[in-house]
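*Asks:* Take a look at final24.cif, mmCIF, C-alpha atoms:
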data_structure
#
loop_
_atom_site.label_atom_id
_atom_site.label_comp_id
_atom_site.auth_asym_id
_atom_site.auth_seq_id
_atom_site.Cartn_x
_atom_site.Cartn_y
_atom_site.Cartn_z
CA MET A 140 0.00 0.00 0.00
CA GLN A 141 2.92 2.30 0.67
CA LYS A 142 4.01 2.14 -2.97
CA PHE A 143 0.60 3.08 -4.25
CA ASN A 144 0.30 5.88 -1.73
CA GLN A 145 3.45 7.24 -3.32
CA ILE A 146 1.78 7.02 -6.71
CA LEU A 147 -1.28 8.88 -5.48
CA LEU A 148 0.92 11.49 -3.84
CA SER A 149 2.83 11.93 -7.08
CA THR A 150 -0.44 12.34 -8.95
CA LEU A 151 -1.69 14.97 -6.53
CA LEU A 152 1.59 16.89 -6.66
CA THR A 153 1.60 16.79 -10.43
CA ALA A 154 -2.04 17.84 -10.66
CA ALA A 155 -1.22 20.85 -8.53
CA MET A 156 1.40 21.89 -11.10
CA LEU A 157 -0.64 21.22 -14.22
CA THR A 158 -2.15 23.98 -16.28
CA PRO A 159 -5.91 24.38 -15.82
CA THR A 160 -6.61 22.90 -19.26
CA ALA A 161 -4.79 19.69 -18.35
CA VAL A 162 -6.95 18.87 -15.34
CA PHE A 163 -10.47 17.67 -15.91
CA ALA A 164 -12.63 17.68 -12.81
CA GLU A 165 -15.60 15.37 -12.69
CA GLU A 166 -19.00 16.86 -12.04
CA ALA A 167 -19.87 16.82 -8.40
CA ALA A 168 -22.14 13.88 -7.61
CA PRO A 169 -25.13 14.37 -5.34
CA ALA A 170 -24.64 13.36 -1.74
CA GLU A 171 -25.52 9.75 -1.04
CA GLU A 172 -26.88 8.20 2.10
CA PRO A 173 -24.20 6.44 4.18
CA ALA A 174 -24.92 2.76 4.69
CA PRO A 175 -24.70 0.72 7.87
CA ALA A 176 -21.31 -0.78 8.72
CA ASN A 177 -20.48 -4.07 7.02
CA THR A 178 -17.68 -6.46 7.87
CA GLU A 179 -16.64 -6.99 4.23
CA TYR A 180 -17.33 -3.69 2.49
CA GLU A 181 -17.89 -0.02 3.00
CA TYR A 182 -20.74 1.13 0.78
CA GLU A 183 -23.21 3.89 0.04
CA LEU A 184 -26.88 3.89 -0.94
CA ASP A 185 -28.33 5.83 -3.85
CA ALA A 186 -31.80 7.35 -3.97
CA GLU A 187 -33.30 4.06 -5.19
CA GLY A 188 -31.71 2.07 -2.37
CA ASN A 189 -29.01 0.43 -4.48
CA ALA A 190 -25.65 -0.20 -2.84
CA LYS A 191 -22.44 1.24 -4.26
CA LEU A 192 -19.36 -0.56 -3.02
CA ALA A 193 -16.74 1.96 -1.90
CA LYS A 194 -14.02 -0.11 -0.23
CA PHE A 195 -13.17 -3.77 0.23
CA ASN A 196 -12.17 -4.30 3.85
CA GLY A 197 -10.16 -7.41 3.05
CA ILE A 198 -7.55 -5.64 0.93
CA ASP A 199 -4.69 -6.65 3.23
CA THR A 200 -5.98 -10.06 4.33
CA PHE A 201 -8.04 -11.73 1.58
CA THR A 202 -6.55 -14.54 -0.51
CA GLY A 203 -8.13 -16.71 -3.20
CA ASP A 204 -11.14 -16.34 -5.51
CA LEU A 205 -13.43 -13.38 -4.89
CA THR A 206 -17.10 -13.05 -5.86
CA ILE A 207 -18.47 -9.52 -5.70
CA PRO A 208 -21.83 -9.67 -3.93
CA SER A 209 -24.99 -9.01 -5.91
CA GLU A 210 -26.70 -7.92 -2.69
CA ILE A 211 -25.47 -6.47 0.58
CA ASP A 212 -27.56 -6.02 3.71
CA GLY A 213 -30.67 -6.45 1.58
CA HIS A 214 -29.63 -3.83 -0.99
CA PRO A 215 -28.89 -4.72 -4.64
CA VAL A 216 -25.30 -3.93 -5.60
CA ASN A 217 -25.09 -2.16 -8.97
CA PHE A 218 -21.89 -0.10 -8.80
CA VAL A 219 -18.26 -0.49 -7.68
CA LYS A 220 -16.55 2.80 -6.91
CA ALA A 221 -13.05 3.81 -8.03
CA GLY A 222 -10.20 1.96 -6.34
CA CYS A 223 -12.49 -0.34 -4.36
CA PHE A 224 -10.12 -3.35 -4.61
CA MET A 225 -6.93 -1.41 -5.25
CA GLU A 226 -3.80 -3.31 -4.13
CA ALA A 227 -5.69 -6.34 -2.84
CA LYS A 228 -2.67 -8.51 -3.55
CA GLY A 229 -4.21 -11.84 -2.55
CA ILE A 230 -7.10 -11.93 -5.04
CA LYS A 231 -6.59 -14.62 -7.71
CA SER A 232 -9.88 -14.31 -9.60
CA VAL A 233 -12.89 -12.00 -9.56
CA THR A 234 -16.46 -12.97 -10.41
CA ILE A 235 -18.74 -10.07 -11.35
CA PRO A 236 -22.48 -10.61 -10.78
CA ALA A 237 -25.19 -9.76 -13.28
CA THR A 238 -26.37 -6.82 -11.14
CA ILE A 239 -23.15 -4.79 -11.57
CA THR A 240 -23.60 -2.41 -14.48
CA ASP A 241 -20.92 0.18 -13.80
CA MET A 242 -17.51 0.61 -12.16
CA GLY A 243 -15.20 3.50 -11.40
CA ASP A 244 -11.57 3.86 -12.45
CA ASP A 245 -8.65 1.75 -11.21
CA VAL A 246 -10.94 -0.68 -9.37
CA PHE A 247 -8.47 -3.59 -9.63
CA MET A 248 -5.18 -1.75 -10.12
CA GLY A 249 -2.39 -3.25 -8.04
CA CYS A 250 -4.08 -6.64 -7.65
CA THR A 251 -0.85 -8.35 -8.63
CA ALA A 252 -2.01 -11.97 -8.07
CA LEU A 253 -5.14 -11.59 -10.24
CA GLU A 254 -5.20 -14.20 -13.01
CA ARG A 255 -8.69 -13.95 -14.51
CA PHE A 256 -12.12 -12.35 -14.46
CA VAL A 257 -15.47 -14.15 -14.64
CA VAL A 258 -18.79 -12.49 -15.53
CA GLU A 259 -22.04 -14.15 -14.51
CA ALA A 260 -24.60 -14.87 -17.22
CA GLY A 261 -27.15 -12.14 -17.79
CA ASN A 262 -24.87 -9.16 -17.14
CA PRO A 263 -25.98 -6.52 -19.68
CA TYR A 264 -22.75 -4.55 -19.76
CA TYR A 265 -19.64 -6.59 -18.87
CA SER A 266 -18.15 -9.55 -20.75
CA ILE A 267 -15.04 -11.72 -20.93
CA GLN A 268 -12.73 -12.23 -23.88
CA ASP A 269 -9.25 -13.64 -24.39
CA ASP A 270 -9.05 -15.94 -21.39
CA GLY A 271 -10.14 -13.76 -18.52
CA VAL A 272 -9.75 -10.14 -19.76
CA LEU A 273 -12.64 -7.89 -18.73
CA TYR A 274 -14.51 -5.82 -21.33
CA ALA A 275 -17.60 -3.64 -21.38
CA ASP A 276 -19.96 -1.83 -23.75
CA ASP A 277 -20.13 -4.55 -26.40
CA ASN A 278 -16.38 -5.12 -26.10
CA LYS A 279 -15.56 -1.54 -27.11
CA PHE A 280 -14.11 -0.72 -23.69
CA LEU A 281 -11.20 -2.75 -22.27
CA VAL A 282 -11.78 -2.52 -18.52
CA ALA A 283 -9.05 -4.62 -16.91
CA TYR A 284 -6.32 -7.09 -17.80
CA PRO A 285 -5.47 -9.59 -15.03
CA ALA A 286 -2.08 -8.44 -13.72
CA ALA A 287 -0.84 -12.01 -13.10
CA LYS A 288 -1.91 -13.34 -16.49
CA ALA A 289 1.00 -15.43 -17.80
CA ASP A 290 1.04 -14.17 -21.41
CA THR A 291 4.08 -12.13 -22.43
CA THR A 292 2.44 -10.62 -25.54
CA TYR A 293 -1.04 -9.24 -25.88
CA SER A 294 -2.73 -7.86 -28.99
CA ILE A 295 -5.87 -5.91 -28.19
CA PRO A 296 -8.71 -7.33 -30.29
CA ALA A 297 -10.45 -5.46 -33.08
CA GLY A 298 -13.44 -3.40 -32.02
CA VAL A 299 -11.90 -1.93 -28.87
CA GLU A 300 -12.07 1.88 -28.85
CA GLU A 301 -10.79 2.78 -25.38
CA ILE A 302 -8.43 1.33 -22.78
CA ALA A 303 -9.58 2.09 -19.24
CA PRO A 304 -7.53 3.81 -16.52
CA GLY A 305 -5.14 1.37 -14.86
CA ALA A 306 -6.27 -1.47 -17.11
CA PHE A 307 -2.80 -3.06 -17.45
CA GLY A 308 -1.18 -1.57 -14.37
CA PHE A 309 1.38 -3.79 -12.59
CA SER A 310 1.15 -6.51 -15.29
CA PHE A 311 4.71 -7.69 -14.74
CA ASN A 312 4.59 -10.73 -17.07
CA LEU A 313 3.48 -8.69 -20.07
CA LYS A 314 6.43 -7.72 -22.31
CA GLU A 315 4.80 -6.54 -25.51
CA ILE A 316 1.52 -4.77 -26.18
CA ILE A 317 -0.01 -4.24 -29.62
CA ILE A 318 -2.68 -1.52 -29.82
CA PRO A 319 -4.38 -1.84 -33.22
CA GLU A 320 -6.33 0.42 -35.53
CA GLY A 321 -9.66 1.41 -34.02
CA VAL A 322 -8.44 2.26 -30.53
CA GLN A 323 -8.92 6.00 -29.93
CA PHE A 324 -8.06 6.64 -26.28
CA ILE A 325 -5.49 5.24 -23.87
CA ASP A 326 -6.60 6.44 -20.46
CA GLY A 327 -4.48 7.50 -17.50
CA TRP A 328 -2.19 4.96 -15.80
CA ALA A 329 -3.36 2.35 -18.33
CA PHE A 330 0.03 0.57 -18.48
CA ALA A 331 1.79 2.20 -15.54
CA TYR A 332 4.21 0.05 -13.55
CA SER A 333 3.87 -2.82 -16.02
CA GLY A 334 6.68 -4.99 -17.35
CA ILE A 335 6.20 -4.08 -21.01
CA GLU A 336 9.31 -3.66 -23.14
CA LYS A 337 7.68 -2.90 -26.50
CA ALA A 338 4.53 -0.97 -27.38
CA SER A 339 3.02 -0.54 -30.82
CA ILE A 340 0.35 2.17 -30.88
CA ALA A 341 -1.83 2.66 -33.96
CA GLY A 342 -2.43 6.08 -35.44
CA THR A 343 -6.16 5.95 -34.72
CA VAL A 344 -5.29 6.71 -31.10
CA TYR A 345 -6.16 10.37 -30.63
CA GLN A 346 -4.79 10.81 -27.14
CA ILE A 347 -2.41 9.08 -24.73
CA ASP A 348 -3.52 10.23 -21.31
CA ASP A 349 -1.68 11.18 -18.10
CA TYR A 350 0.81 8.58 -16.80
CA ALA A 351 -0.47 6.04 -19.36
CA PHE A 352 2.96 4.38 -19.71
CA ALA A 353 4.70 5.89 -16.70
CA TYR A 354 7.15 3.92 -14.53
CA CYS A 355 7.57 1.13 -17.10
CA ASP A 356 11.21 0.44 -16.23
CA SER A 357 11.83 -1.94 -19.16
CA LEU A 358 10.01 -0.04 -21.92
CA HIS A 359 12.65 0.65 -24.58
CA GLU A 360 10.75 0.49 -27.87
CA VAL A 361 7.66 2.58 -28.67
CA ASP A 362 6.10 2.79 -32.12
CA LEU A 363 3.79 5.82 -32.31
CA GLY A 364 1.53 5.66 -35.35
CA HIS A 365 0.87 8.65 -37.58
CA GLY A 366 -2.40 10.21 -36.46
CA ILE A 367 -1.74 10.53 -32.72
CA GLU A 368 -2.42 14.15 -31.76
CA LYS A 369 -1.91 14.48 -28.00
CA ILE A 370 0.50 13.01 -25.47
CA GLN A 371 -0.69 14.21 -22.10
CA PRO A 372 1.38 15.01 -18.97
CA ALA A 373 3.80 12.35 -17.70
CA ALA A 374 2.55 9.83 -20.27
CA PHE A 375 6.01 8.19 -20.51
CA ALA A 376 7.55 9.62 -17.36
CA ASN A 377 10.34 7.65 -15.66
CA ASP A 378 10.65 5.04 -18.41
CA ARG A 379 14.35 4.68 -17.75
CA ALA A 380 15.11 2.25 -20.58
CA LEU A 381 13.65 4.52 -23.27
CA GLN A 382 16.55 5.92 -25.33
CA GLN A 383 14.84 6.86 -28.60
CA ILE A 384 11.38 7.98 -29.67
CA THR A 385 10.09 8.89 -33.13
CA LEU A 386 7.33 11.47 -32.87
CA PRO A 387 4.71 11.45 -35.65
CA ASP A 388 4.10 14.69 -37.51
CA SER A 389 0.44 14.56 -36.49
CA LEU A 390 1.23 15.58 -32.89
CA THR A 391 -0.03 18.97 -31.73
CA LEU A 392 0.52 18.73 -27.96
CA ILE A 393 3.06 17.16 -25.61
CA GLY A 394 2.24 17.72 -21.96
CA GLN A 395 4.55 18.54 -19.08
CA TYR A 396 6.80 15.75 -17.79
CA ALA A 397 5.70 13.62 -20.80
CA PHE A 398 9.19 12.13 -21.28
CA CYS A 399 10.76 13.31 -18.04
CA GLY A 400 13.05 10.75 -16.38
CA THR A 401 13.74 8.76 -19.57
CA SER A 402 17.17 8.09 -21.09
CA LEU A 403 16.55 10.13 -24.24
CA PRO A 404 19.75 12.02 -25.18
CA CYS A 405 17.99 13.85 -28.02
CA VAL A 406 14.73 14.08 -29.93
CA THR A 407 13.49 15.26 -33.33
CA ILE A 408 10.40 17.42 -32.88
CA PRO A 409 8.09 17.75 -35.92
CA ASP A 410 6.76 21.16 -36.93
CA SER A 411 3.16 20.08 -36.21
CA LEU A 412 3.71 20.68 -32.47
CA GLU A 413 1.78 23.69 -31.20
CA THR A 414 2.36 23.14 -27.48
CA ILE A 415 5.25 21.60 -25.55
CA ASP A 416 4.82 22.10 -21.83
CA PHE A 417 7.71 22.56 -19.42
CA CYS A 418 9.91 19.58 -18.54
CA ALA A 419 8.39 17.55 -21.38
CA PHE A 420 11.90 16.61 -22.62
CA GLY A 421 15.42 16.96 -21.35
CA TYR A 422 14.87 16.47 -17.62
CA ASP A 423 15.64 13.61 -15.28
CA ALA A 424 13.30 12.11 -12.67
CA SER A 425 14.27 14.86 -10.21
CA PHE A 426 13.46 17.59 -12.77
CA ASN A 427 17.11 18.45 -13.32
CA ALA A 428 18.07 19.45 -16.86
CA ILE A 429 20.05 16.81 -18.80
CA SER A 430 23.48 18.01 -19.85
CA ASP A 431 23.96 18.31 -23.63
CA PHE A 432 20.38 17.35 -24.45
CA THR A 433 19.84 18.02 -28.16
CA ILE A 434 16.70 18.97 -30.04
CA TYR A 435 16.48 18.56 -33.81
CA GLY A 436 13.81 20.58 -35.55
CA GLU A 437 12.95 23.05 -38.26
CA PRO A 438 13.90 26.70 -37.68
CA GLY A 439 11.18 28.93 -36.28
CA THR A 440 9.02 26.07 -34.98
CA MET A 441 8.05 24.97 -31.48
CA ALA A 442 11.17 22.77 -31.44
CA GLN A 443 13.43 25.81 -31.52
CA GLU A 444 11.23 27.73 -29.11
CA TYR A 445 11.26 24.92 -26.54
CA SER A 446 15.07 24.70 -26.61
CA THR A 447 15.28 28.11 -24.87
CA ALA A 448 11.81 28.38 -23.33
CA SER A 449 11.33 29.61 -19.78
CA ASP A 450 8.61 29.25 -17.19
CA ASP A 451 8.65 31.95 -14.52
CA GLU A 452 5.91 30.33 -12.45
CA ASN A 453 7.86 27.08 -12.14
CA GLU A 454 11.26 28.80 -12.22
CA TYR A 455 12.91 26.98 -15.06
CA GLN A 456 14.84 27.97 -18.17
CA ASN A 457 15.81 25.60 -20.99
CA HIS A 458 19.33 25.74 -22.40
CA PHE A 459 19.19 22.81 -24.82
CA ASN A 460 21.23 22.37 -27.98
CA PHE A 461 19.12 23.15 -31.03
CA VAL A 462 20.15 21.73 -34.40
CA ALA A 463 18.17 22.89 -37.43
CA VAL A 464 17.10 20.22 -39.91
CA LYS A 465 15.36 20.48 -43.26
CA ASP A 466 12.53 18.05 -42.50
CA ALA A 467 11.65 17.24 -38.90
CA SER A 468 9.08 14.64 -39.92
CA VAL A 469 11.97 12.16 -40.02
CA PRO A 470 14.23 11.40 -37.03
CA TYR A 471 17.61 12.96 -37.72
CA GLU A 472 19.22 11.09 -34.81
CA LEU A 473 18.63 7.82 -36.69
CA GLY A 474 20.70 9.03 -39.63
CA MET A 475 17.69 10.26 -41.60
CA GLY A 476 17.12 13.70 -43.09
CA GLU A 477 19.44 16.62 -43.71
CA LEU A 478 20.72 19.53 -41.70
CA TYR A 479 19.28 22.93 -42.55
CA ASP A 480 21.44 25.46 -44.36
CA GLU A 481 20.34 29.10 -44.67
CA GLY A 482 21.82 29.28 -48.16
CA GLY A 483 19.47 26.58 -49.32
CA ASP A 484 22.08 23.86 -49.75
CA SER A 485 22.02 20.58 -47.93
CA ALA A 486 24.55 19.83 -45.23
CA ALA A 487 26.47 17.66 -47.65
CA ASP A 488 26.78 20.54 -50.13
CA ALA A 489 27.49 23.24 -47.56
CA PRO A 490 30.98 24.81 -47.79
CA ALA A 491 33.40 23.38 -45.27
CA SER A 492 35.02 25.52 -42.62
CA GLU A 493 38.62 26.75 -43.10
CA ASP A 494 39.89 24.18 -40.63
CA ASP A 495 38.06 21.42 -42.47
CA ALA A 496 39.44 22.63 -45.82
CA GLU A 497 43.01 22.72 -44.51
CA THR A 498 42.65 19.26 -43.03
CA GLU A 499 41.26 17.90 -46.28
CA GLU A 500 44.09 19.54 -48.30
CA THR A 501 46.71 18.02 -46.01
CA LEU A 502 45.16 14.60 -46.34
CA ASN A 503 45.09 14.95 -50.13
CA GLU A 504 48.78 15.88 -50.17
CA VAL A 505 49.67 12.88 -48.02
CA GLU A 506 47.65 10.56 -50.24
CA GLU A 507 49.29 12.04 -53.36
CA ALA A 508 52.78 11.55 -51.95
CA GLU A 509 51.98 7.98 -51.02
CA ARG A 510 50.69 7.26 -54.53
CA GLU A 511 53.81 8.77 -56.12
CA ALA A 512 56.15 6.77 -53.90
CA ALA A 513 54.22 3.59 -54.56
CA MET A 514 54.26 4.14 -58.34
CA THR A 515 57.96 4.98 -58.41
CA GLU A 516 58.84 1.98 -56.32
CA LYS A 517 56.66 -0.30 -58.41
CA ILE A 518 58.04 0.82 -61.79
CA GLY A 519 61.64 1.05 -60.60
CA ALA A 520 61.47 -2.37 -59.04
CA GLY A 521 59.87 -3.75 -62.16
CA LEU A 522 62.63 -2.44 -64.42
CA SER A 523 65.51 -3.41 -62.15
CA GLY A 524 64.09 -6.88 -61.68
CA ASN A 525 63.55 -7.54 -65.38
CA LYS A 526 66.71 -9.43 -66.62
CA ARG A 527 65.62 -9.36 -70.28
CA MET A 528 65.12 -5.60 -70.15
CA GLN A 529 68.56 -5.13 -68.55
CA ILE A 530 70.23 -7.08 -71.35
CA ILE A 531 68.42 -5.00 -73.98
CA LEU A 532 69.29 -1.74 -72.26
CA GLY A 533 72.86 -2.80 -71.71
CA VAL A 534 75.26 -0.50 -69.92
CA GLY A 535 72.92 2.47 -70.15
CA GLY A 536 70.05 0.60 -68.48
CA GLY A 537 70.55 2.29 -65.15
CA VAL A 538 70.39 5.71 -66.74
CA LEU A 539 67.16 4.90 -68.56
CA ILE A 540 65.60 3.59 -65.40
CA ALA A 541 66.48 6.80 -63.57
CA LEU A 542 65.10 8.86 -66.47
CA ALA A 543 61.84 6.92 -66.36
CA VAL A 544 61.45 7.64 -62.66
CA VAL A 545 62.07 11.37 -63.26
CA LEU A 546 59.45 11.48 -66.02
CA ILE A 547 56.92 9.78 -63.78
CA THR A 548 57.59 12.32 -61.02
CA VAL A 549 57.19 15.28 -63.42
CA PHE A 550 53.96 13.85 -64.79
CA THR A 551 52.39 13.32 -61.37
CA SER A 552 53.54 16.79 -60.23
CA ARG A 553 51.80 18.40 -63.21
CA ALA A 554 48.62 16.45 -62.48
CA LYS A 555 48.72 17.67 -58.90
CA LYS A 556 49.15 21.33 -60.00
CA ASN A 557 46.26 21.03 -62.44
CA ARG A 558 44.00 19.73 -59.66
CA GLN A 559 45.10 22.58 -57.39
CA LYS A 560 44.32 25.12 -60.16
CA GLU A 561 40.83 23.63 -60.59
CA GLN A 562 40.20 23.96 -56.84
CA ASN A 563 41.38 27.60 -56.84
CA ASP A 564 39.18 28.43 -59.84
CA ALA A 565 36.22 26.85 -58.06
CA LYS A 566 36.80 29.13 -55.07
#
Starting from the coordinates I provided, produce the structure as structure tokens.

*Replies:*
Amino acid sequence: MQKFNQILLSTLLTAAMLTPTAVFAEEAAPAEEPAPANTEYEYELDAEGNAKLAKFNGIDTFTGDLTIPSEIDGHPVNFVKAGCFMEAKGIKSVTIPATITDMGDDVFMGCTALERFVVEAGNPYYSIQDDGVLYADDNKFLVAYPAAKADTTYSIPAGVEEIAPGAFGFSFNLKEIIIPEGVQFIDGWAFAYSGIEKASIAGTVYQIDDYAFAYCDSLHEVDLGHGIEKIQPAAFANDRALQQITLPDSLTLIGQYAFCGTSLPCVTIPDSLETIDFCAFGYDASFNAISDFTIYGEPGTMAQEYSTASDDENEYQNHFNFVAVKDASVPYELGMGELYDEGGDSAADAPASEDDAETEETLNEVEEAEREAAMTEKIGAGLSGNKRMQIILGVGGGVLIALAVVLITVFTSRAKKNRQKEQNDAK
């Protein structure tokens, strides 16, 4: 419980720092009548007398298979409130009765021994697919994945449109997740603290919500499909194994702390970005700026602005390296694209600096000298080692050999001067 309290504390601290547009408060619910004390659950009654389970009292002690009651103290149970079973580490399976037609967020997050869900016949809203995974709303809404499920790879089935908050949280066995076309929203904390190493996210996903992939220590490969528009605050925060990310040129917003605490040494930011909130890139888990962090982007875009942006309210100033590229829709750090040149030429065609030119000239001279020596040695050795040629040449053979070497030297010297003249004319 201590670990999850830290998570909640982190969430509250972060929420306090978020901009008003990044925090969405739920509408205040009408006051409900407190229910009598129960040994297994704390619950509330609605106006119709239905019970809403608020807290499972056996969180720290229960082990085995759990059946959520369809009735409690004579009241039908139709709702399970957010976090009701959170961190009940002894639950191995959960059976949901036909009376339950709604649940809050993160109901089963942190139930690390949970292997499967069961839904009783006649439930109008919830269903089971894929060996114990819980779905709702005609299988459009993935509610919860059993954290102790043994599978290492999971491909979300076609038809799913949204992944619920905390749905895959603490799924340590899961190493790869495939999110296909059709999914539109990945809700907050959906994969947080899971064991995933690879994530493939289709471009139909409109938004990746707060902390969706946060604290995934082994996540090192993320494929973001073209079409994703928003990555909300702390979505990939503290993913320490993440060293490279390719951002699609459909993105318009990257929230604060989105990639804070990762191992990214650099990033290419496409010109589609309209908003990059503070500490989104280039900061460690303690919000300290990363030395020599580099941003590749097109001149005059949000990429360049973020490299020196400041935030007086939060007292920070970016001093990141900015490298201008011609097309930021491709990741320059992977050897793709070209550097920007104000004269309109590519980096390959750009004139070299004086130091570079001198170095290149010196190397050319060394290479030329080596070629001359090699040619002289080869021809001289060939003549001196040819017995038939020595007989033909007779006494004057040595003189002719020397003359041949001189002619070769003159010829190569002229060729060198001609090349130098061409270089000077080019300048």

*Asks:* For A:Ser333, work out the shell of residues within 9 Å, counting only C-alpha atoms and skipping chain neighbours fewer than 6 positions away, then give it as JSON, numbers by chain.

*Replies:* {"A": [286, 307, 308, 309, 310, 311, 312, 313, 314, 352, 353, 354, 355, 356, 357, 358]}

*Asks:* Between A:Ile211, A:Val257, A:Ile384, A:Ala275, which has the minimum distance to A:Met242 (counting all atoms listed in the file)?

*Replies:*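 Looking only at the distances to A:Met242, the closest residue turns out to be A:Ala275.
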
*Asks:* Would you place a box with edges along x, y and z of the file around all atoms of stretch 283-296 of chain A listed there, add 5 Å to each of its six sides, and report the centre and edge lengths in Å to one decimal, as AutoDock Vina command-line options?

*Replies:*
--center_x -2.5 --center_y -10.0 --center_z -21.7 --size_x 23.1 --size_y 20.8 --size_z 27.2

*Asks:* Would you write out, as a tab-separated table, a table of all residues in stretch 257-301 of chain A that have an atom no more than 12 Å from an atom of stretch 212-220 of chain A, listing for each the closest atom pair and the distance in Å to one decimal, considering only C-alpha atoms and ordering rows by chain and rising residue number?

*Replies:*
residue	atom	partner	partner_atom	distance
A:Asn262	CA	A:Asn217	CA	10.8
A:Pro263	CA	A:Asn217	CA	11.6
A:Tyr264	CA	A:Asn217	CA	11.3

*Asks:* Could those selected residues go to a file with C-alpha atoms, as a PDB file, in the coordinates of the input?

*Replies:*
ATOM      1  CA  ASN A 262     -24.870  -9.160 -17.140  1.00  0.00           C
ATOM      2  CA  PRO A 263     -25.980  -6.520 -19.680  1.00  0.00           C
ATOM      3  CA  TYR A 264     -22.750  -4.550 -19.760  1.00  0.00           C
TER       4      TYR A 264
END

*Asks:* Would you write out, as a list of chain:residue names, every residue that the PyMOL selection byres ((chain A and resi 339) around 9) captures in this file?

*Replies:* A:Glu315, A:Ile316, A:Ile317, A:Ile318, A:Pro319, A:Lys337, A:Ala338, A:Ile340, A:Ala341, A:Glu360, A:Val361, A:Asp362, A:Leu363, A:Gly364

*Asks:* May I have the selected residues written with C-alpha atoms, as a PDB file, in the coordinates of the input?

*Replies:*
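Output contents, as saved in selection25.pdb:
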ATOM      1  CA  GLU A 315       4.800  -6.540 -25.510  1.00  0.00           C
ATOM      2  CA  ILE A 316       1.520  -4.770 -26.180  1.00  0.00           C
ATOM      3  CA  ILE A 317      -0.010  -4.240 -29.620  1.00  0.00           C
ATOM      4  CA  ILE A 318      -2.680  -1.520 -29.820  1.00  0.00           C
ATOM      5  CA  PRO A 319      -4.380  -1.840 -33.220  1.00  0.00           C
ATOM      6  CA  LYS A 337       7.680  -2.900 -26.500  1.00  0.00           C
ATOM      7  CA  ALA A 338       4.530  -0.970 -27.380  1.00  0.00           C
ATOM      8  CA  ILE A 340       0.350   2.170 -30.880  1.00  0.00           C
ATOM      9  CA  ALA A 341      -1.830   2.660 -33.960  1.00  0.00           C
ATOM     10  CA  GLU A 360      10.750   0.490 -27.870  1.00  0.00           C
ATOM     11  CA  VAL A 361       7.660   2.580 -28.670  1.00  0.00           C
ATOM     12  CA  ASP A 362       6.100   2.790 -32.120  1.00  0.00           C
ATOM     13  CA  LEU A 363       3.790   5.820 -32.310  1.00  0.00           C
ATOM     14  CA  GLY A 364       1.530   5.660 -35.350  1.00  0.00           C
TER      15      GLY A 364
END

*Asks:* Evaluate the PyMOL selection byres ((chain A and resi 266) around 10) and record the selected residues as an NGL selection string, following the chain and residue labels used in the document.

*Replies:* :A and (235 or 256-265 or 267-268 or 271-278 or 281-282)

*Asks:* Residue by residue, what does the PyMOL selection byres ((chain A and resi 304) around 6) grab here? Present the result as a list in words.

*Replies:*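 Answer for the PyMOL selection byres ((chain A and resi 304) around 6): Asp244, Asp245, Ala303, Gly305, Ala306, Asp326, Gly327, Trp328 and Ala329 of chain A.
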
*Asks:* Please measure the separation of atom CA of A:Ala190 and atom CA of A:Glu210, giving the value in Å to one decimal.

*Replies:*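 Separation between atom CA of A:Ala190 and atom CA of A:Glu210: 7.8 Å.
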
*Asks:* Please provide the set of residues having any atom within 10 Å of A:Glu472, restricted to only C-alpha atoms, with same-chain residues fewer than 3 positions apart removed, written as a ChimeraX atom specification.

*Replies:* /A:383-385,404-407,433-435,469,475-476

*Asks:* Take the residues just selected and output them with C-alpha atoms as a compact mmCIF listing (two decimals), in the frame of the given file.

*Replies:*
# COMPACT_ATOMS: atom_id res chain seq x y z
CA GLN A 383 14.84 6.86 -28.60
CA ILE A 384 11.38 7.98 -29.67
CA THR A 385 10.09 8.89 -33.13
CA PRO A 404 19.75 12.02 -25.18
CA CYS A 405 17.99 13.85 -28.02
CA VAL A 406 14.73 14.08 -29.93
CA THR A 407 13.49 15.26 -33.33
CA THR A 433 19.84 18.02 -28.16
CA ILE A 434 16.70 18.97 -30.04
CA TYR A 435 16.48 18.56 -33.81
CA VAL A 469 11.97 12.16 -40.02
CA MET A 475 17.69 10.26 -41.60
CA GLY A 476 17.12 13.70 -43.09

*Asks:* Rounded to one decimal, what separation in Å do you get between atom CA of A:Ser209 and atom CA of A:Thr251?

*Replies:*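 Between these atoms lies a distance of 24.3 Å.
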
*Asks:* My list of candidates is A:Glu336, A:Asp349, A:Asp480, A:Asp269. Which is closest to A:Phe375 when distances are computed with all atoms listed in the file?

*Replies:*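 The closest residue to A:Phe375 is A:Asp349.
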
*Asks:* Record the distance separating atom CA of A:Glu181 and atom CA of A:Cys250, expressed in Å with one decimal.

*Replies:*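 Answer for the atom CA of A:Glu181 to atom CA of A:Cys250 separation: 18.7 Å.
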
*Asks:* A:Ile370, A:Leu381, A:Ile295, A:Ala283: which is nearest A:Asp348, counting all atoms listed in the file?

*Replies:* A:Ile370

*Asks:* Please tell me which residues are no farther than 6 Å from (1.2, 16.5, -27.9) in the file, counting only C-alpha atoms, and write them as a list in words.

*Replies:*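 Final list of nearby residues, as requested, is Glu368, Lys369, Ile370, Leu390, Thr391, Leu392 and Ile393 of chain A.
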
*Asks:* What's the 6 Å shell around A:Gly342, counting all atoms listed in the file, without same-chain residues fewer than 5 positions away, as a PDB file with C-alpha atoms, keeping the file's coordinate frame?

*Replies:*
ATOM      1  CA  GLY A 364       1.530   5.660 -35.350  1.00  0.00           C
ATOM      2  CA  HIS A 365       0.870   8.650 -37.580  1.00  0.00           C
ATOM      3  CA  GLY A 366      -2.400  10.210 -36.460  1.00  0.00           C
ATOM      4  CA  ILE A 367      -1.740  10.530 -32.720  1.00  0.00           C
TER       5      ILE A 367
END
